[in-house]
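Okay, target14.cif is below, mmCIF, C-alpha atoms and all ligand atoms:
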```cif
data_entry
#
loop_
_atom_site.label_atom_id
_atom_site.label_comp_id
_atom_site.auth_asym_id
_atom_site.auth_seq_id
_atom_site.Cartn_x
_atom_site.Cartn_y
_atom_site.Cartn_z
CA MET A 195 0.22 -10.46 14.50
CA ASN A 196 -2.80 -10.16 16.75
CA LYS A 197 -6.36 -9.77 15.51
CA LYS A 198 -6.67 -6.20 16.62
CA LYS A 199 -3.59 -5.16 14.62
CA MET A 200 -4.79 -7.13 11.66
CA ALA A 201 -8.18 -5.40 11.82
CA ALA A 202 -6.45 -2.02 11.96
CA PHE A 203 -4.41 -2.85 8.85
CA LYS A 204 -7.52 -4.09 7.11
CA LYS A 205 -9.24 -0.80 7.78
CA ILE A 206 -6.28 1.12 6.38
CA LEU A 207 -6.17 -1.08 3.30
CA LEU A 208 -9.88 -0.74 2.66
CA ARG A 209 -9.62 3.01 2.92
CA GLU A 210 -6.63 2.98 0.61
CA LYS A 211 -8.51 0.80 -1.84
CA GLU A 212 -11.43 3.19 -1.90
CA MET A 213 -9.10 6.11 -2.51
CA LEU A 214 -7.20 4.32 -5.27
CA GLU A 215 -10.41 3.28 -6.98
CA LYS A 216 -11.55 6.87 -6.95
CA GLN A 217 -8.20 8.03 -8.32
CA TYR A 218 -8.31 5.40 -10.97
CA ARG A 219 -11.77 6.48 -12.08
CA ASP A 220 -10.62 10.10 -12.16
CA LEU A 221 -7.59 9.18 -14.23
CA GLU A 222 -9.69 7.11 -16.56
CA GLN A 223 -11.91 10.09 -17.09
CA GLY A 224 -8.90 12.15 -17.92
CA ASN A 225 -9.15 14.33 -14.85
CA LEU A 226 -5.44 14.16 -14.38
CA LEU A 227 -4.99 17.52 -12.80
CA ALA A 228 -7.86 17.17 -10.39
CA SER A 229 -6.67 13.84 -9.07
CA GLN A 230 -3.08 14.97 -8.76
CA SER A 231 -4.15 17.76 -6.52
CA ASP A 232 -6.05 15.45 -4.21
CA PHE A 233 -3.16 13.13 -4.25
CA SER A 234 -0.86 15.26 -2.18
CA GLY A 235 -3.69 16.56 -0.03
CA GLU A 236 -4.76 13.19 1.21
CA MET A 237 -2.76 11.62 4.00
CA PRO A 238 -4.74 8.65 5.21
CA PHE A 239 -2.10 7.30 7.57
CA GLU A 240 -1.41 10.53 9.34
CA GLU A 241 -4.15 10.16 11.93
CA GLU A 242 -3.32 6.73 13.19
CA TYR A 243 0.36 6.53 12.43
CA ALA A 244 1.51 10.07 12.79
CA ALA A 245 4.79 9.00 14.29
CA SER A 246 5.81 6.41 11.76
CA GLY A 247 7.51 7.09 8.46
CA THR A 248 5.25 7.15 5.44
CA SER A 249 8.08 8.07 3.10
CA THR A 250 8.35 4.76 1.24
CA PHE A 251 4.65 4.69 0.70
CA GLU A 252 4.54 8.30 -0.42
CA ARG A 253 7.42 7.78 -2.78
CA GLU A 254 5.78 4.80 -4.40
CA ARG A 255 2.57 6.70 -4.64
CA ASP A 256 4.20 9.73 -6.24
CA LEU A 257 5.17 7.72 -9.29
CA SER A 258 1.54 7.31 -10.04
CA LEU A 259 -0.16 7.51 -13.31
CA SER A 260 -3.10 5.38 -14.12
CA GLU A 261 -0.93 2.28 -14.57
CA ASN A 262 0.65 2.88 -11.25
CA VAL A 263 -2.67 3.41 -9.51
CA LYS A 264 -3.86 0.16 -11.03
CA ASP A 265 -0.73 -1.57 -9.84
CA LEU A 266 -1.13 -0.22 -6.32
CA LEU A 267 -4.78 -1.19 -6.31
CA GLN A 268 -3.78 -4.71 -7.17
CA LYS A 269 -1.23 -4.76 -4.34
CA VAL A 270 -3.84 -3.48 -1.91
CA ASN A 271 -6.30 -6.16 -3.09
CA GLU A 272 -3.66 -8.84 -2.67
CA ALA A 273 -2.91 -7.59 0.83
CA LEU A 274 -6.63 -7.78 1.66
CA GLU A 275 -6.67 -11.35 0.40
CA ARG A 276 -3.69 -12.14 2.61
CA ILE A 277 -5.62 -10.71 5.56
CA GLU A 278 -8.54 -12.99 4.70
CA ASN A 279 -6.40 -16.11 4.45
CA GLY A 280 -4.25 -15.26 7.45
CA THR A 281 -0.91 -14.76 5.69
CA TYR A 282 -0.82 -11.00 5.96
CA GLY A 283 2.41 -9.63 7.37
CA ILE A 284 4.43 -12.67 6.34
CA CYS A 285 7.17 -12.29 3.76
CA GLU A 286 6.27 -14.18 0.58
CA MET A 287 9.90 -15.00 -0.10
CA CYS A 288 11.41 -16.08 3.22
CA GLY A 289 8.24 -16.71 5.25
CA LEU A 290 9.38 -14.56 8.16
CA PRO A 291 7.16 -11.88 9.69
CA ILE A 292 7.46 -8.44 8.09
CA PRO A 293 8.26 -5.83 10.76
CA GLU A 294 5.20 -3.83 11.75
CA GLU A 295 6.97 -0.51 11.12
CA ARG A 296 7.34 -1.56 7.51
CA LEU A 297 3.67 -2.48 7.26
CA GLU A 298 2.72 0.82 8.80
CA ALA A 299 4.75 2.64 6.16
CA LEU A 300 3.68 0.32 3.36
CA PRO A 301 0.52 -1.57 4.35
CA TYR A 302 0.49 -3.72 1.22
CA ALA A 303 4.11 -4.87 1.57
CA ASN A 304 4.46 -8.55 0.68
CA LEU A 305 8.19 -8.85 1.25
CA CYS A 306 10.41 -8.06 4.21
CA ILE A 307 13.05 -5.40 3.72
CA SER A 308 15.93 -7.76 3.01
CA CYS A 309 13.95 -9.78 0.44
CA LYS A 310 12.75 -6.57 -1.16
CA GLN A 311 16.34 -5.41 -1.47
CA LYS A 312 17.35 -8.73 -3.00
CA GLU A 313 14.49 -8.46 -5.45
CA GLU A 314 15.51 -4.93 -6.41
CA GLN A 315 19.10 -6.01 -6.91
CA ALA A 316 17.96 -8.89 -9.08
CA MET A 317 16.05 -6.46 -11.29
CA ARG A 318 19.05 -4.29 -11.96
ZN ZN A 401 11.79 -12.02 3.42
#
```
Take the structure in this file and express it as structure tokens.
Ligand SMILES: [Zn+2]
Amino acid sequence: MNKKKMAAFKKILLREKEMLEKQYRDLEQGNLLASQSDFSGEMPFEEEYAASGTSTFERERDLSLSENVKDLLQKVNEALERIENGTYGICEMCGLPIPEERLEALPYANLCISCKQKEEQAMR
């Protein structure tokens, strides 16, 4: 992945992190209803990636309660670390590059689609 792409993903992840931290604080304060309503209203990827599917990301996000927000925040932080150490966009299981469409839909993805499917099957 080139530096420009990487920088774009970093920006998205930082924005996502900020949003998740805010949601987490709101949830912690018990403002469940307030944060749920900004949840669906906020579409951070729309501007830059209007054409690509955000459905996986949205679905994962919809499950959210405070635990889930915390979990996502951790994934976003890990993705930011991978950007820093240059392993972002590489599948942690097979070491192959994760397709950019997948990263656009799920910027904190750490596995390629086939490894993710294997992981999900293993959990069943
Ligand atoms: Zn893989």
Surrounding residues of Leu208 of chain A excluding itself and chain neighbours under 5 positions, 9 Å, only C-alpha atoms, as a PyMOL selection string: chain A and resi 203+213+270-271+274
Go ahead and save the picked residues with C-alpha atoms, as a PDB file, keeping the file's coordinate frame.
```pdb
ATOM      1  CA  PHE A 203      -4.410  -2.850   8.850  1.00  0.00           C
ATOM      2  CA  MET A 213      -9.100   6.110  -2.510  1.00  0.00           C
ATOM      3  CA  VAL A 270      -3.840  -3.480  -1.910  1.00  0.00           C
ATOM      4  CA  ASN A 271      -6.300  -6.160  -3.090  1.00  0.00           C
ATOM      5  CA  LEU A 274      -6.630  -7.780   1.660  1.00  0.00           C
TER       6      LEU A 274
END
```
Figure out the distance between atom CA of Leu221 of chain A and atom CA of Ser260 of chain A, please, to one decimal in Å. 5.9 Å
Grab me every residue within 6 Å of ligand ZN 401 (chain A), counting only C-alpha atoms and all ligand atoms, and send it over as a PyMOL selection string. chain A and resi 285+287-288+290+305-306+308-309
Quote the spacing between atom CA of Glu261 of chain A and atom CA of Ile284 of chain A in Å to one decimal place.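 Taking atom CA of Glu261 of chain A and atom CA of Ile284 of chain A, their separation equals 26.3 Å.
The coordinates place atom CA of Pro301 of chain A at 24.8 Å from atom CA of Glu222 of chain A.
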Surrounding residues of Asn304 of chain A excluding itself and chain neighbours under 4 positions, 10 Å, all atoms listed in the file, as a list in words: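 Skipping anything fewer than 4 positions along the chain leaves Lys269, Glu272, Ala273, Arg276, Thr281, Tyr282, Gly283, Ile284, Cys285, Glu286, Met287, Pro291, Ile292, Leu297, Leu300, Cys309 and Lys310 of chain A.
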